[in-house]
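J.: Below is protein_31.cif; it holds mmCIF, C-alpha atoms and all ligand atoms.
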data_protein
loop_
_atom_site.label_atom_id
_atom_site.label_comp_id
_atom_site.auth_asym_id
_atom_site.auth_seq_id
_atom_site.Cartn_x
_atom_site.Cartn_y
_atom_site.Cartn_z
CA MET A 21 0.00 0.00 0.00
CA VAL A 22 1.40 3.38 -0.99
CA ALA A 23 0.12 6.78 0.07
CA SER A 24 1.60 10.10 -1.00
CA ALA A 25 0.79 13.64 0.00
CA PRO A 26 1.92 17.13 -0.96
CA GLY A 27 3.37 19.70 1.39
CA LYS A 28 1.70 23.01 2.08
CA ALA A 29 2.45 26.71 2.02
CA ILE A 30 0.31 29.23 3.87
CA LEU A 31 -0.47 31.96 1.35
CA ILE A 32 -2.06 34.24 3.91
CA GLY A 33 -3.79 34.00 7.29
CA GLU A 34 -1.13 32.56 9.63
CA HIS A 35 -1.49 33.65 13.26
CA ALA A 36 -4.77 35.50 12.65
CA VAL A 37 -6.38 32.09 11.94
CA VAL A 38 -5.72 31.18 15.58
CA TYR A 39 -8.06 34.09 16.53
CA GLY A 40 -10.95 33.18 14.24
CA GLN A 41 -9.79 34.91 11.06
CA PRO A 42 -9.62 33.01 7.74
CA ALA A 43 -6.52 31.58 6.06
CA LEU A 44 -5.69 30.51 2.52
CA ILE A 45 -3.36 27.52 2.18
CA ALA A 46 -1.95 25.94 -0.97
CA ALA A 47 -0.75 22.38 -1.45
CA VAL A 48 2.78 22.48 -2.92
CA GLY A 49 4.04 20.14 -5.60
CA LEU A 50 6.70 18.35 -3.53
CA ARG A 51 5.54 15.01 -2.17
CA LEU A 52 6.12 12.70 0.74
CA THR A 53 5.40 9.00 0.29
CA THR A 54 4.73 6.19 2.75
CA ARG A 55 4.94 2.57 1.58
CA LEU A 56 3.62 -0.26 3.71
CA THR A 57 4.52 -3.90 3.11
CA PRO A 58 4.18 -7.07 5.19
CA ALA A 59 7.13 -7.44 7.60
CA SER A 60 10.00 -9.71 6.73
CA GLU A 61 10.40 -11.04 10.27
CA ASP A 62 8.44 -13.92 11.78
CA SER A 63 7.43 -12.26 15.02
CA SER A 64 3.71 -11.60 14.97
CA SER A 65 4.01 -8.04 16.28
CA THR A 66 7.15 -6.63 14.67
CA VAL A 67 7.05 -3.27 12.94
CA GLU A 68 10.03 -1.96 10.99
CA LEU A 69 10.21 1.73 10.21
CA HIS A 70 12.65 2.91 7.53
CA ALA A 71 13.36 6.55 6.75
CA ARG A 72 16.37 8.83 6.58
CA GLU A 73 14.43 11.24 8.78
CA LEU A 74 14.01 8.56 11.44
CA GLY A 75 17.74 8.03 11.52
CA GLY A 76 17.58 4.96 9.25
CA ARG A 77 15.84 1.83 10.52
CA VAL A 78 13.83 1.53 13.72
CA THR A 79 12.43 -1.81 14.88
CA THR A 80 9.51 -1.77 17.25
CA ASP A 81 6.32 -3.76 17.81
CA TRP A 82 2.62 -3.13 18.21
CA PRO A 83 2.43 -3.26 22.02
CA GLU A 84 5.18 -0.61 22.16
CA ILE A 85 3.47 1.55 19.51
CA VAL A 86 0.07 1.42 21.17
CA ASP A 87 1.60 2.18 24.56
CA TYR A 88 3.69 5.02 23.08
CA ALA A 89 0.64 6.65 21.46
CA THR A 90 -1.42 6.25 24.65
CA GLN A 91 1.30 7.85 26.79
CA ALA A 92 1.74 10.67 24.25
CA ARG A 93 -2.02 11.28 24.32
CA ARG A 94 -1.96 11.46 28.14
CA ARG A 95 0.99 13.88 28.15
CA TRP A 96 -0.81 16.04 25.58
CA GLU A 97 -4.03 16.08 27.63
CA HIS A 98 -2.01 17.16 30.63
CA TYR A 99 -0.29 19.83 28.56
CA THR A 100 -3.62 21.27 27.36
CA ARG A 101 -4.62 21.89 30.97
CA THR A 102 -1.45 23.93 31.60
CA PRO A 103 0.01 24.85 28.18
CA GLY A 104 3.62 25.96 28.29
CA ALA A 105 6.81 25.38 26.36
CA ALA A 106 8.27 22.96 28.94
CA GLY A 107 5.10 20.84 29.09
CA PHE A 108 5.11 20.63 25.34
CA ALA A 109 8.73 19.48 25.14
CA GLU A 110 7.56 16.49 27.21
CA VAL A 111 4.71 15.72 24.80
CA ARG A 112 7.07 15.70 21.83
CA GLY A 113 9.98 13.91 23.51
CA ASP A 114 13.01 13.19 21.34
CA ASP A 115 12.16 9.91 19.64
CA PRO A 116 12.84 10.41 15.89
CA ALA A 117 9.99 7.94 15.17
CA HIS A 118 7.57 9.89 17.41
CA LEU A 119 5.14 10.99 14.70
CA VAL A 120 5.03 7.63 12.91
CA LYS A 121 4.43 5.75 16.16
CA VAL A 122 1.69 8.19 17.18
CA ALA A 123 -0.01 7.92 13.76
CA LEU A 124 0.05 4.09 13.84
CA GLY A 125 -1.14 4.05 17.47
CA GLU A 126 -3.98 6.48 16.72
CA ALA A 127 -4.95 4.36 13.69
CA ALA A 128 -5.14 1.22 15.89
CA ARG A 129 -7.23 3.15 18.41
CA PHE A 130 -9.56 4.31 15.62
CA LEU A 131 -10.01 0.66 14.58
CA ASP A 132 -10.49 -0.25 18.24
CA GLU A 133 -7.74 -2.85 17.96
CA PRO A 134 -5.03 -3.60 20.54
CA GLY A 135 -2.36 -3.82 17.81
CA GLY A 136 -1.98 -4.74 14.19
CA PRO A 137 -0.23 -7.05 11.71
CA PRO A 138 3.57 -7.12 11.34
CA LEU A 139 4.65 -4.59 8.77
CA GLN A 140 7.43 -2.58 7.19
CA LEU A 141 6.95 1.09 6.63
CA HIS A 142 9.18 3.16 4.34
CA LEU A 143 9.03 6.94 4.18
CA TYR A 144 10.49 8.96 1.29
CA SER A 145 10.34 12.71 1.13
CA ASP A 146 10.99 15.37 -1.52
CA LEU A 147 9.71 17.85 1.04
CA PRO A 148 12.29 19.61 3.13
CA ILE A 149 11.68 18.59 6.76
CA GLY A 150 11.14 21.29 9.41
CA ALA A 151 11.08 24.13 6.90
CA GLY A 152 7.40 25.09 7.12
CA PHE A 153 6.29 22.81 4.29
CA GLY A 154 3.94 20.81 6.45
CA SER A 155 6.05 17.65 6.37
CA SER A 156 4.60 16.45 9.69
CA ALA A 157 1.05 16.74 8.33
CA ALA A 158 2.16 14.81 5.23
CA VAL A 159 3.70 12.07 7.42
CA ALA A 160 0.56 11.87 9.56
CA VAL A 161 -1.83 11.76 6.59
CA THR A 162 0.13 9.22 4.53
CA VAL A 163 0.80 6.83 7.45
CA LEU A 164 -2.85 6.98 8.57
CA ALA A 165 -4.28 6.64 5.06
CA ALA A 166 -1.93 3.83 3.99
CA TYR A 167 -2.41 1.82 7.19
CA LEU A 168 -6.19 2.17 7.42
CA THR A 169 -6.63 1.39 3.72
CA ALA A 170 -4.36 -1.66 4.08
CA ARG A 171 -6.63 -2.82 6.90
CA GLY A 172 -9.64 -2.49 4.61
CA ARG A 173 -10.96 0.66 6.30
CA ARG A 174 -10.09 3.53 3.95
CA PRO A 175 -10.97 6.62 6.03
CA SER A 176 -13.50 9.25 4.99
CA THR A 177 -12.09 12.74 4.50
CA ARG A 178 -13.64 13.84 7.77
CA ASP A 179 -12.15 10.91 9.74
CA LEU A 180 -8.76 11.46 8.13
CA GLU A 181 -8.87 15.17 9.02
CA ALA A 182 -9.72 14.36 12.63
CA LEU A 183 -7.05 11.63 12.95
CA ALA A 184 -4.38 13.81 11.28
CA LEU A 185 -5.20 16.69 13.64
CA GLU A 186 -4.98 14.35 16.64
CA THR A 187 -1.59 13.10 15.44
CA GLU A 188 -0.31 16.62 14.70
CA ARG A 189 -1.25 17.70 18.23
CA ARG A 190 1.52 15.45 19.59
CA GLN A 191 3.95 17.24 17.30
CA HIS A 192 2.80 20.86 17.55
CA GLY A 193 0.67 21.14 20.69
CA MET A 194 -2.42 23.03 19.56
CA PRO A 195 -2.24 23.32 15.77
CA SER A 196 -5.23 24.88 14.04
CA GLY A 197 -5.40 22.01 11.53
CA VAL A 198 -4.67 24.08 8.42
CA ASP A 199 -1.69 21.92 7.41
CA GLY A 200 -3.63 18.67 7.44
CA ALA A 201 -6.51 20.25 5.53
CA ALA A 202 -4.26 21.44 2.70
CA VAL A 203 -2.41 18.13 2.52
CA ILE A 204 -5.64 16.11 2.40
CA HIS A 205 -7.65 18.26 -0.01
CA GLY A 206 -4.83 19.59 -2.21
CA GLY A 207 -5.33 22.64 -4.42
CA VAL A 208 -5.94 25.81 -2.44
CA VAL A 209 -8.17 25.68 0.64
CA TRP A 210 -9.93 28.38 2.62
CA ALA A 211 -9.98 27.68 6.34
CA GLU A 212 -12.19 29.52 8.76
CA ARG A 213 -13.84 28.86 12.12
CA GLU A 214 -17.59 29.34 12.17
CA GLY A 215 -17.47 30.51 15.77
CA PRO A 216 -15.20 30.60 18.80
CA GLY A 217 -14.18 27.09 19.85
CA GLU A 218 -15.63 25.58 16.67
CA PRO A 219 -13.42 23.34 14.52
CA LEU A 220 -11.97 24.80 11.34
CA SER A 221 -14.29 24.66 8.41
CA ILE A 222 -12.46 23.88 5.17
CA THR A 223 -13.57 24.98 1.71
CA PRO A 224 -11.55 23.71 -1.25
CA LEU A 225 -11.37 26.52 -3.85
CA ASP A 226 -11.23 25.99 -7.56
CA LEU A 227 -8.54 28.53 -8.44
CA THR A 228 -6.63 28.84 -11.68
CA SER A 229 -5.30 32.34 -11.10
CA PRO A 230 -2.15 33.37 -13.02
CA HIS A 231 -0.95 34.81 -9.69
CA LEU A 232 -0.26 31.27 -8.45
CA SER A 233 2.62 30.87 -10.89
CA ARG A 234 4.31 34.05 -9.69
CA PHE A 235 5.17 32.88 -6.19
CA ARG A 236 8.50 31.39 -5.18
CA ILE A 237 9.35 29.89 -1.82
CA PHE A 238 12.71 30.51 -0.16
CA ASP A 239 13.88 28.72 2.98
CA THR A 240 15.27 31.29 5.44
CA GLY A 241 16.34 28.49 7.81
CA THR A 242 14.77 26.57 10.66
CA PRO A 243 13.32 28.92 13.29
CA ALA A 244 14.95 28.88 16.71
CA GLN A 245 11.49 28.55 18.29
CA THR A 246 8.83 25.96 17.54
CA THR A 247 5.48 26.98 16.04
CA GLY A 248 3.91 26.31 19.46
CA GLU A 249 6.34 28.68 21.17
CA VAL A 250 5.76 31.44 18.63
CA VAL A 251 1.96 31.03 18.86
CA ALA A 252 2.16 31.11 22.67
CA ALA A 253 4.26 34.31 22.62
CA VAL A 254 1.76 36.00 20.29
CA ARG A 255 -1.07 34.93 22.58
CA GLY A 256 0.72 36.57 25.51
CA ARG A 257 1.07 39.83 23.58
CA VAL A 258 -2.56 39.83 22.44
CA GLU A 259 -3.88 39.10 25.91
CA ALA A 260 -1.74 41.83 27.45
CA ASP A 261 -2.90 44.50 24.98
CA HIS A 262 -6.19 43.78 23.20
CA GLY A 263 -6.51 47.49 22.32
CA THR A 264 -3.46 47.30 20.06
CA PHE A 265 -3.69 43.76 18.75
CA ASP A 266 -7.40 43.15 18.14
CA PRO A 267 -7.58 45.74 15.31
CA ILE A 268 -4.42 44.24 13.79
CA LEU A 269 -5.96 40.74 13.80
CA GLU A 270 -9.20 42.13 12.31
CA ARG A 271 -7.24 43.81 9.52
CA MET A 272 -5.34 40.57 8.86
CA GLY A 273 -8.70 38.85 8.35
CA ALA A 274 -9.90 41.59 6.00
CA THR A 275 -6.62 41.37 4.04
CA ALA A 276 -6.99 37.60 3.69
CA ARG A 277 -10.56 38.00 2.37
CA ALA A 278 -9.40 40.60 -0.17
CA PHE A 279 -6.51 38.30 -1.17
CA ARG A 280 -8.97 35.49 -1.87
CA ARG A 281 -11.05 37.83 -4.04
CA GLU A 282 -7.95 38.77 -6.06
CA LEU A 283 -7.15 35.11 -6.66
CA ALA A 284 -10.72 34.10 -7.47
CA GLY A 285 -11.70 37.08 -9.63
CA ASP A 286 -11.31 37.58 -13.35
CA ARG A 287 -9.00 40.55 -13.25
CA ASP A 288 -5.27 40.03 -13.14
CA ASP A 289 -3.95 42.92 -11.11
CA PRO A 290 -0.50 42.20 -9.61
CA GLU A 291 -0.31 45.63 -7.95
CA SER A 292 -3.44 45.01 -5.84
CA LEU A 293 -2.18 41.60 -4.76
CA MET A 294 1.22 43.06 -3.91
CA ASP A 295 -0.41 45.72 -1.74
CA LEU A 296 -2.25 43.03 0.20
CA ILE A 297 0.93 41.01 0.75
CA ARG A 298 2.76 44.14 2.00
CA THR A 299 -0.12 44.95 4.36
CA TYR A 300 -0.27 41.42 5.77
CA GLN A 301 3.50 41.27 6.19
CA ALA A 302 3.45 44.62 8.08
CA ASP A 303 0.87 43.14 10.47
CA LEU A 304 3.00 40.00 10.99
CA GLU A 305 5.87 42.33 11.85
CA ALA A 306 3.60 44.13 14.33
CA LEU A 307 2.83 40.77 15.98
CA GLY A 308 6.59 40.34 16.49
CA VAL A 309 7.11 37.15 14.49
CA VAL A 310 9.59 38.46 11.90
CA PRO A 311 13.19 38.84 13.18
CA PRO A 312 15.10 41.96 12.00
CA ALA A 313 17.32 40.06 9.54
CA VAL A 314 14.23 38.69 7.78
CA ARG A 315 12.56 42.11 7.69
CA GLU A 316 15.71 43.44 6.05
CA LEU A 317 15.63 40.68 3.45
CA ILE A 318 11.98 41.45 2.68
CA ARG A 319 12.79 45.18 2.25
CA ARG A 320 15.44 44.22 -0.29
CA VAL A 321 12.92 42.09 -2.24
CA GLU A 322 10.55 45.10 -2.22
CA ALA A 323 13.30 47.44 -3.43
CA ALA A 324 13.83 45.03 -6.34
CA GLY A 325 10.17 45.24 -7.40
CA GLY A 326 8.73 42.22 -5.62
CA VAL A 327 6.97 41.62 -2.32
CA ALA A 328 7.44 38.92 0.30
CA LYS A 329 5.93 37.61 3.50
CA ILE A 330 6.83 34.87 5.90
CA SER A 331 4.72 31.77 5.36
CA GLY A 332 4.00 29.96 8.63
CA ALA A 333 4.65 30.83 12.24
CA GLY A 334 7.86 32.82 11.63
CA ALA A 335 10.20 33.28 14.60
CA LEU A 336 10.66 35.44 17.68
CA ALA A 337 14.39 35.90 17.03
CA SER A 338 17.06 34.58 14.69
CA PRO A 339 19.10 31.62 15.90
CA GLU A 340 22.30 32.70 17.63
CA GLY A 341 25.34 32.32 15.43
CA GLY A 342 23.25 30.76 12.63
CA ASP A 343 24.23 31.40 9.03
CA ARG A 344 20.61 32.06 8.00
CA PRO A 345 18.05 34.36 9.66
CA GLY A 346 15.75 31.45 10.50
CA ALA A 347 12.08 32.35 10.05
CA GLY A 348 11.11 29.28 8.03
CA SER A 349 9.54 29.71 4.62
CA LEU A 350 9.48 33.04 2.82
CA LEU A 351 6.82 33.46 0.16
CA VAL A 352 8.02 35.84 -2.55
CA TYR A 353 5.76 37.29 -5.25
CA GLN A 354 7.11 38.98 -8.33
CA PRO A 355 5.00 39.77 -11.42
CA GLU A 356 7.89 38.46 -13.54
CA PRO A 357 9.21 35.68 -11.29
CA HIS A 358 12.28 34.93 -13.43
CA ARG A 359 13.68 38.28 -12.23
CA LEU A 360 14.13 36.68 -8.80
CA ASP A 361 16.79 34.42 -10.29
CA ASP A 362 19.23 37.32 -10.58
CA LEU A 363 18.97 38.74 -7.07
CA PRO A 364 22.29 38.00 -5.32
CA PHE A 365 20.90 38.54 -1.79
CA LEU A 366 18.46 35.65 -2.31
CA GLU A 367 21.17 33.28 -3.50
CA PRO A 368 22.13 31.88 -0.07
CA PHE A 369 18.61 30.57 0.46
CA PRO A 370 17.36 27.24 -0.89
CA HIS A 371 14.71 28.08 -3.41
CA TYR A 372 11.64 26.12 -4.49
CA ALA A 373 9.88 27.01 -7.73
CA VAL A 374 7.14 24.57 -6.77
CA PRO A 375 3.70 24.59 -8.35
CA LEU A 376 1.05 25.82 -5.89
CA GLY A 377 -2.30 24.08 -5.82
CA ALA A 378 -0.91 20.53 -6.21
CA GLN A 379 -3.01 17.36 -5.92
CA GLY A 380 -3.99 16.27 -2.40
CA TYR A 381 -3.17 12.96 -0.72
CA ARG A 382 -3.52 9.83 -2.79
CA VAL A 383 -3.61 6.13 -1.94
CA GLU A 384 -2.46 3.60 -4.47
CA THR A 385 -3.52 0.04 -3.91
CA PRO A 386 -1.20 -2.39 -5.68
CA SER A 387 -3.00 -3.89 -8.69
O1 LIG A 401 4.66 27.22 11.01
P1 LIG A 401 3.54 26.49 10.34
O2 LIG A 401 3.72 26.39 8.86
O3 LIG A 401 3.21 25.20 11.01
O4 LIG A 401 2.23 27.39 10.46
C1 LIG A 401 1.70 27.82 11.65
C2 LIG A 401 0.46 28.63 11.40
C3 LIG A 401 -0.07 29.36 12.62
O5 LIG A 401 -1.21 30.09 12.19
C4 LIG A 401 0.96 30.33 13.17
C5 LIG A 401 -0.45 28.38 13.73
C6 LIG A 401 -1.65 27.50 13.38
O6 LIG A 401 -1.74 26.43 14.02
O7 LIG A 401 -2.49 27.87 12.54
#
Starting from the coordinates I provided, produce the structure as structure tokens.
Ligand code: PMV

T.:
Amino acid sequence: MVASAPGKAILIGEHAVVYGQPALIAAVGLRLTTRLTPASEDSSSTVELHARELGGRVTTDWPEIVDYATQARRRWEHYTRTPGAAGFAEVRGDDPAHLVKVALGEAARFLDEPGGPPLQLHLYSDLPIGAGFGSSAAVAVTVLAAYLTARGRRPSTRDLEALALETERRQHGMPSGVDGAAVIHGGVVWAEREGPGEPLSITPLDLTSPHLSRFRIFDTGTPAQTTGEVVAAVRGRVEADHGTFDPILERMGATARAFRRELAGDRDDPESLMDLIRTYQADLEALGVVPPAVRELIRRVEAAGGVAKISGAGALASPEGGDRPGAGSLLVYQPEPHRLDDLPFLEPFPHYAVPLGAQGYRVETPS
């Protein structure tokens, strides 16, 4: 059984989506693949996990996986009662196979089974890991979809969304669920909560805008803080000063709605879209999630006729002594994108000219 899934890039809406504003997320055309095959060993409960990202080969078994996922769930429930960076570090732990074990354990729980059949699981990724491309959502979705389909219980979209969100919670604490939605549906999705405390409601959009081919993604380096830490710091700022931050979050929502109209409408007006990206980026800077070195880089893109915004949580500060400013993905828009190829200040950053709006997750059953 093989399942593959794209990565994601947040076009607009990060941070504000946590406060009930909408977000627009695109699936990106780099894929992560999970392949499941029957295990080579005789033991009835052996599970072999193979992936470069897991440090090579990990051998485990179903009792360990189910116990691992149960303990991780308990630690997460405890963490949600008293959220904090230290509590979250305990939820995540340092097992390189954490996410895969949680996904398999949650799948067994969903099937109401105490374990599963012996298997081998291989992960392959074109997606850079830990660079804001949603690789953890892609791991969660492909492992869940491949395993459940192999067990004859291909999940509905709704079940897969819920299981992927549950799995991602052990990786990110309290994610909004936008990554999983983009990875599952593909294309470009609109995510919005219908009310406070409600789950995200996802609308796949049928967009063919020429704007989508004018974005490039640059990797400014892994942030020194996790998404959970950055989200928690923003929450602290908002709660300490609603008078300043509530209007900013409202404007971010309005900018995201206008951005969607630009992408969905008939007119092709790069200037209007660029204005919206500049406005949203200024508000992200006001939230304090764009370190000075990244702001400087964005000003240089603007001076060269483009616009740019961080895509994802950003960072509270650059890593000390790092060679890159470290705010994760940078989404750059330029009406003539080939002009970005000649900008020397962008050269140090890995660059992805990936198609936006790629196909969502896919399961291939061997014929
Ligand atoms: O850093 P990423 O790509 O996982 O995106 C985080 C997006 C936030 O809005 C900051 C948090 C969330 O869960 O929506």

J.: Can you tell me which residues come within 7 Å of ligand LIG 401 (chain A) when counting all atoms listed in the file, ideally as a list in words?

T.: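 Result of the 7 Å neighbour search around ligand LIG 401 (chain A): Ala29, Ile30, Gly33, Glu34, His35, Ala36, Val37, Val38, Gly152, Phe153, Gly154, Met194, Pro195, Ser196, Gly197, Val198, Asp199, Thr247, Val251, Ser331, Gly332, Ala333 and Gly334 of chain A.
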
J.: Using Å and a single decimal, report how far atom CA of Ala328 of chain A sits from atom CA of Arg287 of chain A.

T.: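 Separating atom CA of Arg287 of chain A from atom CA of Ala328 of chain A is a distance of 21.4 Å.
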
J.: When you look at Thr223 of chain A with a cut-off of 9 Å (counting all atoms listed in the file), what residues show up, excluding the ones that are within fewer than 3 positions of it in the same chain? I need them as a VMD selection string.

T.: chain A and resid 208 to 212

J.: Would you mind reading off the distance between atom CA of His231 of chain A and atom CA of Ile149 of chain A, one decimal, in Å?

T.: 26.3 Å

J.: Just want the 10 Å neighbourhood of Leu168 of chain A, counted on only C-alpha atoms, with same-chain residues fewer than 2 positions away dropped. Output as an mmCIF file with C-alpha atoms, keeping the file's coordinate frame.

T.:
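This went into result27.cif:
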data_model
loop_
_atom_site.group_PDB
_atom_site.id
_atom_site.type_symbol
_atom_site.label_atom_id
_atom_site.label_comp_id
_atom_site.auth_asym_id
_atom_site.auth_seq_id
_atom_site.Cartn_x
_atom_site.Cartn_y
_atom_site.Cartn_z
ATOM 1 C CA MET A 21 0.000 0.000 0.000
ATOM 2 C CA LEU A 124 0.050 4.090 13.840
ATOM 3 C CA ALA A 127 -4.950 4.360 13.690
ATOM 4 C CA ALA A 128 -5.140 1.220 15.890
ATOM 5 C CA PHE A 130 -9.560 4.310 15.620
ATOM 6 C CA LEU A 131 -10.010 0.660 14.580
ATOM 7 C CA THR A 162 0.130 9.220 4.530
ATOM 8 C CA VAL A 163 0.800 6.830 7.450
ATOM 9 C CA LEU A 164 -2.850 6.980 8.570
ATOM 10 C CA ALA A 165 -4.280 6.640 5.060
ATOM 11 C CA ALA A 166 -1.930 3.830 3.990
ATOM 12 C CA ALA A 170 -4.360 -1.660 4.080
ATOM 13 C CA ARG A 171 -6.630 -2.820 6.900
ATOM 14 C CA GLY A 172 -9.640 -2.490 4.610
ATOM 15 C CA ARG A 173 -10.960 0.660 6.300
ATOM 16 C CA ARG A 174 -10.090 3.530 3.950
ATOM 17 C CA PRO A 175 -10.970 6.620 6.030
ATOM 18 C CA LEU A 180 -8.760 11.460 8.130
#

J.: Here is a test: counting only C-alpha atoms, which residue of A:Gly241, A:Thr299, A:Ala323, A:Leu269 is nearest to Arg344 of chain A?

T.: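 Looking at the shortest contact to Arg344 of chain A, the residue is A:Gly241.
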
J.: Excluding Pro339 of chain A and residues on its chain fewer than 5 positions from it, collect all residues at most 8 Å away from it, counting all atoms listed in the file, and give them as a list in words.

T.: Pro243, Ala244, Pro345 and Gly346 of chain A
